[in-house]
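> This is the structure I have questions about; it appears just below.
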Amino acid sequence: MPFATRLTRAPLPFEPERAAEARALFGDLAPELCELLAGTAGCSPYLKGLMEKEADWLRPALAGNPEAALAEEFARLGPVALPDLPNELRRAKRRVALLAGLADLGGVWCLEEVTGALTRLADLAVDLALKRLVGEEIRRGKIPGATEEDAETAAGMVALAMGKMGAGELNYSSDIDLICLFDETRYDSIDQMEARAALIRATRKMAGMLNDRTAEGYVFRTDLRLRPDASVTPVCISMGAAELYYESEGRTWERAAYIKARPCAGDIAAGERFLGTLRPFVWRKHLDFAAIQDAHDMRLRIREHKGLHGPIEVPGHNIKLGQGGIREIEFFTQTRQLIAGGRDESLRDRTTVGGMRALAAKGWVPGDVAEELIAHYREHREIEHRIQMVNDAQTQLLPTNEDALARIAAMMGEGNVARWSERLRARLERVEALTNDFFAPDEASERPELSESARQIVEGWSSYPALRSERARTIFKRLEPELLGRMARAANMDEALTQFDGFLKGLPAGVQLFSLFEASPQLIDLIVDICATAPGLASYLSRNAGVLDAVLGGSFFSPWPGRDALTVDLERLLTQAGDYEAALIAARRWAKEWKFRVGVHHLRGLVDASEAAGQYADVAGAVLAALWPAVQEEFARRFGPCPGKGAVVLGMGSLGAERLHARSDLDLIVIYDPAGQDYSEGKKSLATRAYYAKLTQALITALSAQMPEGMLYEVDMRLRPSGRQGPVATALSSFADYQMNEAWTWEHLALTRARPVAGCADLAAEVEAIRLEVLAAKGKAEKVLPDLAEMRARIFAAKPVKGRWEAKIGAGRLQDIELLAQWFALHEGAPARRVEAQLRIGPRAGLVDKPTGEALASAYRFLWRLRAGEKLLSDDARDLEALGEGATAFMLRETGMETLEALSARLETATAEVAAIVDRILGG
């Protein structure tokens with residue numbers, strides 16, 4: 001569509017003589033275009049000069065489509081030879097600047113189209129200059145081993161666009177920030193220094209070609225000072241040296257800068273690989289609230305350096321760096337991206353507007369606040385462009401002269417400068433208000449009154465490792481009154497404080513966590529709740545404070561996703577991990593967060609003990625389903641793929657029954673089918689039996705090895721055929737033969753809960769068919785009940801009841817009920833694995849009457865609540881009274897009792913009733 005028909009803004013104010021000049025130059029254009037050109041010339045001496053120089057080019061460009069004119073100009077530069085490139089780039093800059101200015105002032109292009117056009121020109125200019133100059137070095141024989149074809153990738157050199165150029169947001173009169181690097185791995189070690197010298201020369205010449213002013217003007221002011229340690233390093237350094245610098249010395253402002261980093265010229269693929277290596281530096285694995293303080297300090301240093309303190313006044317205000325300006329909104333966005341982008345890749349948008357909207361979509365910024373800041377940001381940027389259009393000056397200062405200020409207002413479409421200035425001042429104040437609360441920490445309030453014992457605990461905190469740094473102490477000083485105030489509202493402050501003291505003492509470092517609490521006060525409530533109720537969970541948190549990140553991840557209190565969705569999520573993380581060790585660490589971090597979520601939901605009554613049991617089982621199932629293929633793939637690197645049909649992992653015991661608690665280990669069996677294949681086919685061949693034995697050991701190690709993030713699960717393989725004496729992996733035919741001809745009754749009982757959790761689906765179906773066949777064949781044998789009675793007696797002899805609150809082992813307790821439930825399933829050859837489902841079999845099959853079945857089910861639910869609650873509160877909750885008021889209240893709520901005495905009486909009654917039932921059945 002022609003330019004003239006797309007104008008939406010009223011013509012700019014202009015003097016009569018300007019109209020005559022415009023008609024003389026562009027008389028054949030539409031009148032509204034002539035008015036726009038005349039008004040532009042009156043407002044901008046710079047654009048007036050460009051019009052005069054480029055009138056012959058501009059006339060057809062404006063009569064047609066400005067986007068097409070832009071594309072044509074870019075295409076024109078492609079074949080330009082090196083000697084002509086400096087002048088042709090300057091001519092292109094004039095034309096693009098002129099077209100963008102008119103399209104902007106005429107309302108034809110929005111902000112992103114204006115900044116996008118300028119950025120595309122910058123990308124092209126850097127790319128052409130770099131490749132031509134590196135090509136010249138190649139032709140001169142200065143880059144060892146390089147050929148003319150290597151010029152197309154700049155011989156392994158890349159320019160990273162930083163700042164606004166990286167985000168595609170270049171100002172109208174912006175400089176461009178570049179970091180130039182080369183891939184040293186393309187060169188032999190003896191040639192690297194020579195290649196480095198040539199690439200440094202090319203970089204300097206490239207910067208000069210773009211930056212230097214000639215009779216034709218300049219292309220872009222070029223700044224290379226964002227590179228690592230710019231005061232002592234050359235203008236182009238190796239990627240290896242840069243990576244080493246960021247790993248050892250990189251600062252928060254450099255992390256923020258790399259949010260916008262983008263390979264724009266040269267070897268783009270090498271640049272992307274380099275950015276990939278920097279991801280752990282830029283995007284931290286935990287929520288990084290400590291970045292807030294760094295950003296706040298940076299803001300204050302900028303303001304101090306530029307003298308930008310004091311009340312907001314429009315004349316002379318710095319629209320970029322001043323209070324309420326562009327930089328405030330950019331810092332606000334980038335700091336939140338740094339906080340959460342390590343965990344959520346959707347937040348890593350390079351652009352300010354895109355980043356803000358991504359943050360709003362995930363709940364990190366309220367939606368209305370995000371849209372308001374975006375509107376302010378866009379208008380600020382447009383004002384910045386108008387300021388720079390006047391004389392092509394790299395400035396963000398609003399004029400102090402009223403006439404000059406009126407010109408900027410007019411270029412923004414407002415004829416009343418006072419009204420425009422007042423609106424701008426209000427917007428600046430609003431941006432300052434919205435962003436300052438986030439950055440500027442509140443002053444510490446007064447510490448509440450403490451008892452003598454509490455005061456002694458608090459005074460000891462200064463010696464803890466978490467408070468050894470000055471920064472940690474500063475943040476904690478502001479945080480401490482709020483923590484203590486909330487503890488004072490707990491059921492028993494001294495108990496909560498004692499548990500928090502243990503939590504704090506166990507923390508290896510505090511800055512990140514204290515910053516997390518300060519930025520998210522709801523976490524203080526959670527930690528106080530945990531410390532006042534669940535000492536075991538508080539101890540766990542001191543070792544794994546990173547799990548608190550998950551609370552702020554946006555989905556912590558969402559509905560439970562289920563095992564399939566969990567598996568997909570973990571598989572995605574393992575794929576992204578990069579290598580096997582990283583995958584194991586990622587799996588540990590993931591599992592800890594999900595198990596913590598289940599524990600918190602259980603603690604707060606959002607799920608009951610039965611729901612929590614199923615959710616813990618879902619997490620374990622997802623871990624096995626996602627990790628087993630990764631273990632197989634890593635193992636196959638040395639020994640080849642699985643011989644035969646592969647293997648299946650069976651969950652036994654509580655995992656098979658989908659009934660886990662906060663501290664459950666995993667009972668597993670691995671079954672494989674060699675399908676007649678005797679050896680694996682890999683770099684190192686193994687006999688099939690040895691292959692699957694080693695593969696199973698690799699799985700056990702993957703689950704139970706201690707790593708920086710701890711272990712995933714302890715693993716118990718004793719339920720495999722022949723127990724500790726049998727091989728850790730069993731062939732399918734041997735498994736079937738053993739179960740039919742050699743297995744003991746207790747092994748058939750255990751088989752009632754066996755469930756495939758990972759591995760080959762076809763093989764899992766075969767194992768399930770064998771399981772049901774064995775149950776059908778063995779369930780009604782006369783020896784089952786006598787064997788069960790003997791096994792029960794042995795258990796009682798080996799493991800006496802431990803304390804009055806024991807819920808698992810002993811007459812009438814969980815293990816008694818579960819043995820009976822397994823007998824019901826075995827006797828009927830039923831596929832049911834879950835305890836409740838197995839218990840329902842008894843009355844249906846006539847093995848017990850309906851009231852007996854209901855009594856068993858009721859006792860089981862009660863005992864499970866007691867057992868699951870104990871394991872959540874502490875690893876050894878043998879004495880509930882010693883756990884404190886908060887823990888007692890939780891246990892009473894879980895079991896539906898009013899007092900501990902009532903709970904004790906219910907436990908005694910239930911176990912006695914169940915013991916009598918079991919005695920009667922086994923005695924019969």
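All residue names refer to the structure tokens as shown: chains lettered A, B, ... in order, residues numbered from 1 in each chain, ligands numbered from 1 in order.
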What are the DSSP alpha helix (DSSP H) residues of region 184-333 of chain A, as a ChimeraX atom specification?
/A:192-211,239-249,252-257,268-282,290-306,326-333
> List the neighbours of Asp267 (chain A) out to 7 Å using only C-alpha atoms; skip same-chain residues closer than 3 positions along the sequence, and give me the result as a PyMOL selection string.
chain A and resi 153-154+156-158+270-271
> Please build the interface table for region 564-603 of chain A against region 687-709 of chain A with a cut-off of 10 Å, listing for each qualifying residue the nearest atom pair and the distance in Å to one decimal; count only C-alpha atoms, order rows by chain and increasing number, and write it as CSV.

```
residue,atom,partner,partner_atom,distance
A:Tyr580,CA,A:Ala702,CA,9.7
A:Glu581,CA,A:Ala702,CA,9.1
A:Ala583,CA,A:Ala702,CA,9.8
A:Leu584,CA,A:Ala702,CA,6.7
A:Ile585,CA,A:Glu709,CA,6.2
A:Ala586,CA,A:Glu709,CA,8.5
A:Ala587,CA,A:Glu709,CA,9.2
A:Arg588,CA,A:Glu709,CA,6.0
A:Arg589,CA,A:Glu709,CA,6.3
A:Trp590,CA,A:Glu709,CA,10.0
A:Lys592,CA,A:Glu709,CA,8.8
```
> Name all residues at most 9 Å from region 275-279 of chain A (count only C-alpha atoms; drop same-chain ones fewer than 5 positions away) and give them as a list in words.
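Answer for this query is Glu243, Tyr246, Glu247, Tyr258, Ala261, Arg262, Pro263, Ala270, Arg284 and Gly342 of chain A.
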> Identify, on the basis of only C-alpha atoms, every residue whose closest approach to Ala622 (chain A) does not exceed 6 Å; exclude the query and any residue fewer than 3 positions from it along the same chain; express the result as a PyMOL selection string.
chain A and resi 563+566-567+619+625-626
> Rounded to one decimal, what separation in Å do you get between CA of Ala195 (chain A) and CA of Ile143 (chain A)?
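These atoms are spaced 4.8 Å apart.
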> Distance table requested - region 340-416 of chain A against region 174-189 of chain A, cut-off 10 Å, only C-alpha atoms: one row per qualifying residue with the closest atom pair and its distance in Å to one decimal, ordered by chain and rising residue number, as CSV.

```
residue,atom,partner,partner_atom,distance
A:His385,CA,A:Ser174,CA,9.5
A:Gln388,CA,A:Ser174,CA,8.7
A:Asp392,CA,A:Ser174,CA,9.1
A:Ala393,CA,A:Ser174,CA,8.8
A:Gln394,CA,A:Ser174,CA,6.3
A:Thr395,CA,A:Ser174,CA,8.9
```
> Taking N, CA, C and O atoms for each residue, export the selection above as a PDB file, in the first residue's frame.

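Below is the file that was written, result.pdb:
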```
ATOM      1  N   HIS A 385      13.167   8.571  20.634  1.00  0.00           N
ATOM      2  CA  HIS A 385      13.413   8.691  19.197  1.00  0.00           C
ATOM      3  C   HIS A 385      13.248  10.128  18.719  1.00  0.00           C
ATOM      4  O   HIS A 385      14.031  10.626  17.908  1.00  0.00           O
ATOM      5  N   GLN A 388      16.211  12.219  19.570  1.00  0.00           N
ATOM      6  CA  GLN A 388      17.390  11.896  18.769  1.00  0.00           C
ATOM      7  C   GLN A 388      17.216  12.277  17.299  1.00  0.00           C
ATOM      8  O   GLN A 388      18.193  12.492  16.595  1.00  0.00           O
ATOM      9  N   ASP A 392      20.266  14.017  15.241  1.00  0.00           N
ATOM     10  CA  ASP A 392      21.033  12.767  15.230  1.00  0.00           C
ATOM     11  C   ASP A 392      22.024  12.724  16.384  1.00  0.00           C
ATOM     12  O   ASP A 392      23.173  12.331  16.227  1.00  0.00           O
ATOM     13  N   ALA A 393      21.565  13.170  17.527  1.00  0.00           N
ATOM     14  CA  ALA A 393      22.433  13.201  18.708  1.00  0.00           C
ATOM     15  C   ALA A 393      22.119  12.002  19.592  1.00  0.00           C
ATOM     16  O   ALA A 393      20.951  11.681  19.812  1.00  0.00           O
ATOM     17  N   GLN A 394      23.167  11.380  20.116  1.00  0.00           N
ATOM     18  CA  GLN A 394      22.961  10.237  21.007  1.00  0.00           C
ATOM     19  C   GLN A 394      22.697  10.767  22.408  1.00  0.00           C
ATOM     20  O   GLN A 394      23.553  10.774  23.272  1.00  0.00           O
ATOM     21  N   THR A 395      21.483  11.207  22.624  1.00  0.00           N
ATOM     22  CA  THR A 395      21.099  11.780  23.905  1.00  0.00           C
ATOM     23  C   THR A 395      19.705  11.302  24.266  1.00  0.00           C
ATOM     24  O   THR A 395      18.889  10.991  23.390  1.00  0.00           O
TER      25      THR A 395
END
```
> Mind running region 116-150 of chain A against region 160-165 of chain A at 12 Å and telling me each contacting residue's nearest atom pair with the distance in Å (one decimal), counting only C-alpha atoms, chain and number ascending, as a tab-separated table?

```
residue	atom	partner	partner_atom	distance
A:Gly116	CA	A:Met165	CA	9.1
A:Ala117	CA	A:Met165	CA	11.0
A:Leu118	CA	A:Met165	CA	8.8
A:Thr119	CA	A:Met165	CA	5.9
A:Arg120	CA	A:Met165	CA	9.0
A:Leu121	CA	A:Met165	CA	10.3
A:Ala122	CA	A:Met165	CA	7.8
A:Asp123	CA	A:Ala161	CA	8.2
A:Leu124	CA	A:Ala161	CA	11.7
A:Val126	CA	A:Ala161	CA	9.5
A:Asp127	CA	A:Leu160	CA	10.7
```
> Which residue, A:Ala912, A:Ala24, A:Ala375, A:Leu397, has the smallest gap to Arg59 (chain A) when you use only C-alpha atoms?
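Counting only C-alpha atoms, the residue closest to Arg59 (chain A) is A:Ala24.
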> Looking only at strand (DSSP E or B) from DSSP on the backbone, list the matching residues of region 222-282 of chain A as JSON, numbers by chain.
{"A": [222, 223, 236, 237, 238, 262, 263, 264, 265, 266]}
> Just to be explicit: take each residue in the selection above, keep C-alpha atoms, and write the result as an mmCIF file, in the first residue's frame.

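After the write, again-v7.cif holds the following:
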```cif
data_model
loop_
_atom_site.group_PDB
_atom_site.id
_atom_site.type_symbol
_atom_site.label_atom_id
_atom_site.label_comp_id
_atom_site.auth_asym_id
_atom_site.auth_seq_id
_atom_site.Cartn_x
_atom_site.Cartn_y
_atom_site.Cartn_z
ATOM 1 C CA THR A 222 30.307 0.976 17.683
ATOM 2 C CA ASP A 223 31.115 0.025 21.268
ATOM 3 C CA CYS A 236 38.365 -10.068 19.840
ATOM 4 C CA ILE A 237 39.027 -12.952 22.249
ATOM 5 C CA SER A 238 38.589 -16.717 22.119
ATOM 6 C CA ARG A 262 22.272 -12.623 19.976
ATOM 7 C CA PRO A 263 24.745 -13.773 17.296
ATOM 8 C CA CYS A 264 24.301 -11.206 14.528
ATOM 9 C CA ALA A 265 27.295 -11.603 12.217
ATOM 10 C CA GLY A 266 29.953 -14.091 11.177
#
```
> What lies within 12 Å of Glu766 (chain A) using only C-alpha atoms, ignoring chain neighbours under 2 positions off, as a ChimeraX atom specification?
/A:645,647-648,671-673,732-733,735-736,756,760-764,768-773
> The selected residues should be written to file as a compact mmCIF listing (two decimals), in the first residue's frame (atoms: N, CA and C atoms).

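Contents of result.txt, as written:
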```
# COMPACT_ATOMS: atom_id res chain seq x y z
N LYS A 645 14.67 -58.74 23.84
CA LYS A 645 13.52 -57.83 23.89
C LYS A 645 13.70 -56.66 24.83
N ALA A 647 14.19 -55.09 28.89
CA ALA A 647 13.89 -55.40 30.29
C ALA A 647 12.75 -54.52 30.78
N VAL A 648 12.12 -54.97 31.84
CA VAL A 648 11.07 -54.21 32.49
C VAL A 648 11.39 -54.10 33.98
N ILE A 671 13.31 -57.64 35.25
CA ILE A 671 13.11 -58.88 34.48
C ILE A 671 13.43 -58.59 33.02
N TYR A 672 14.18 -59.47 32.39
CA TYR A 672 14.56 -59.26 30.99
C TYR A 672 14.24 -60.51 30.18
N ASP A 673 14.16 -60.31 28.86
CA ASP A 673 13.93 -61.42 27.95
C ASP A 673 15.05 -61.42 26.90
N LEU A 732 13.10 -63.75 31.97
CA LEU A 732 11.65 -63.97 32.01
C LEU A 732 11.32 -65.43 32.25
N SER A 733 11.98 -66.33 31.54
CA SER A 733 11.68 -67.76 31.69
C SER A 733 12.04 -68.24 33.09
N PHE A 735 12.11 -66.38 35.79
CA PHE A 735 11.13 -65.79 36.70
C PHE A 735 9.86 -66.62 36.74
N ALA A 736 9.37 -66.99 35.55
CA ALA A 736 8.14 -67.78 35.50
C ALA A 736 8.33 -69.15 36.16
N PRO A 756 4.47 -53.17 36.79
CA PRO A 756 5.49 -52.62 35.89
C PRO A 756 5.51 -51.09 35.98
N CYS A 760 10.06 -51.97 28.63
CA CYS A 760 9.38 -52.43 27.41
C CYS A 760 7.92 -52.78 27.69
N ALA A 761 6.99 -52.15 26.97
CA ALA A 761 5.57 -52.36 27.21
C ALA A 761 5.14 -53.80 26.89
N ASP A 762 5.67 -54.34 25.80
CA ASP A 762 5.29 -55.72 25.43
C ASP A 762 5.76 -56.71 26.48
N LEU A 763 6.98 -56.51 26.97
CA LEU A 763 7.50 -57.40 28.00
C LEU A 763 6.71 -57.23 29.30
N ALA A 764 6.32 -56.01 29.60
CA ALA A 764 5.52 -55.77 30.79
C ALA A 764 4.20 -56.54 30.73
N GLU A 768 2.94 -59.43 33.33
CA GLU A 768 1.65 -59.36 33.98
C GLU A 768 0.86 -60.65 33.76
N ALA A 769 0.95 -61.20 32.57
CA ALA A 769 0.25 -62.47 32.30
C ALA A 769 0.79 -63.58 33.19
N ILE A 770 2.12 -63.63 33.36
CA ILE A 770 2.74 -64.63 34.25
C ILE A 770 2.28 -64.41 35.68
N ARG A 771 2.24 -63.14 36.11
CA ARG A 771 1.82 -62.83 37.48
C ARG A 771 0.42 -63.38 37.75
N LEU A 772 -0.50 -63.09 36.86
CA LEU A 772 -1.87 -63.54 37.08
C LEU A 772 -1.97 -65.07 37.01
N GLU A 773 -1.18 -65.69 36.16
CA GLU A 773 -1.17 -67.15 36.06
C GLU A 773 -0.67 -67.77 37.36
```
> Any idea what's packed within 9 Å of Val458 (chain A), counting only C-alpha atoms, ignoring anything in its chain fewer than 5 positions away? Could you give it as a ChimeraX atom specification?
/A:453,497,501
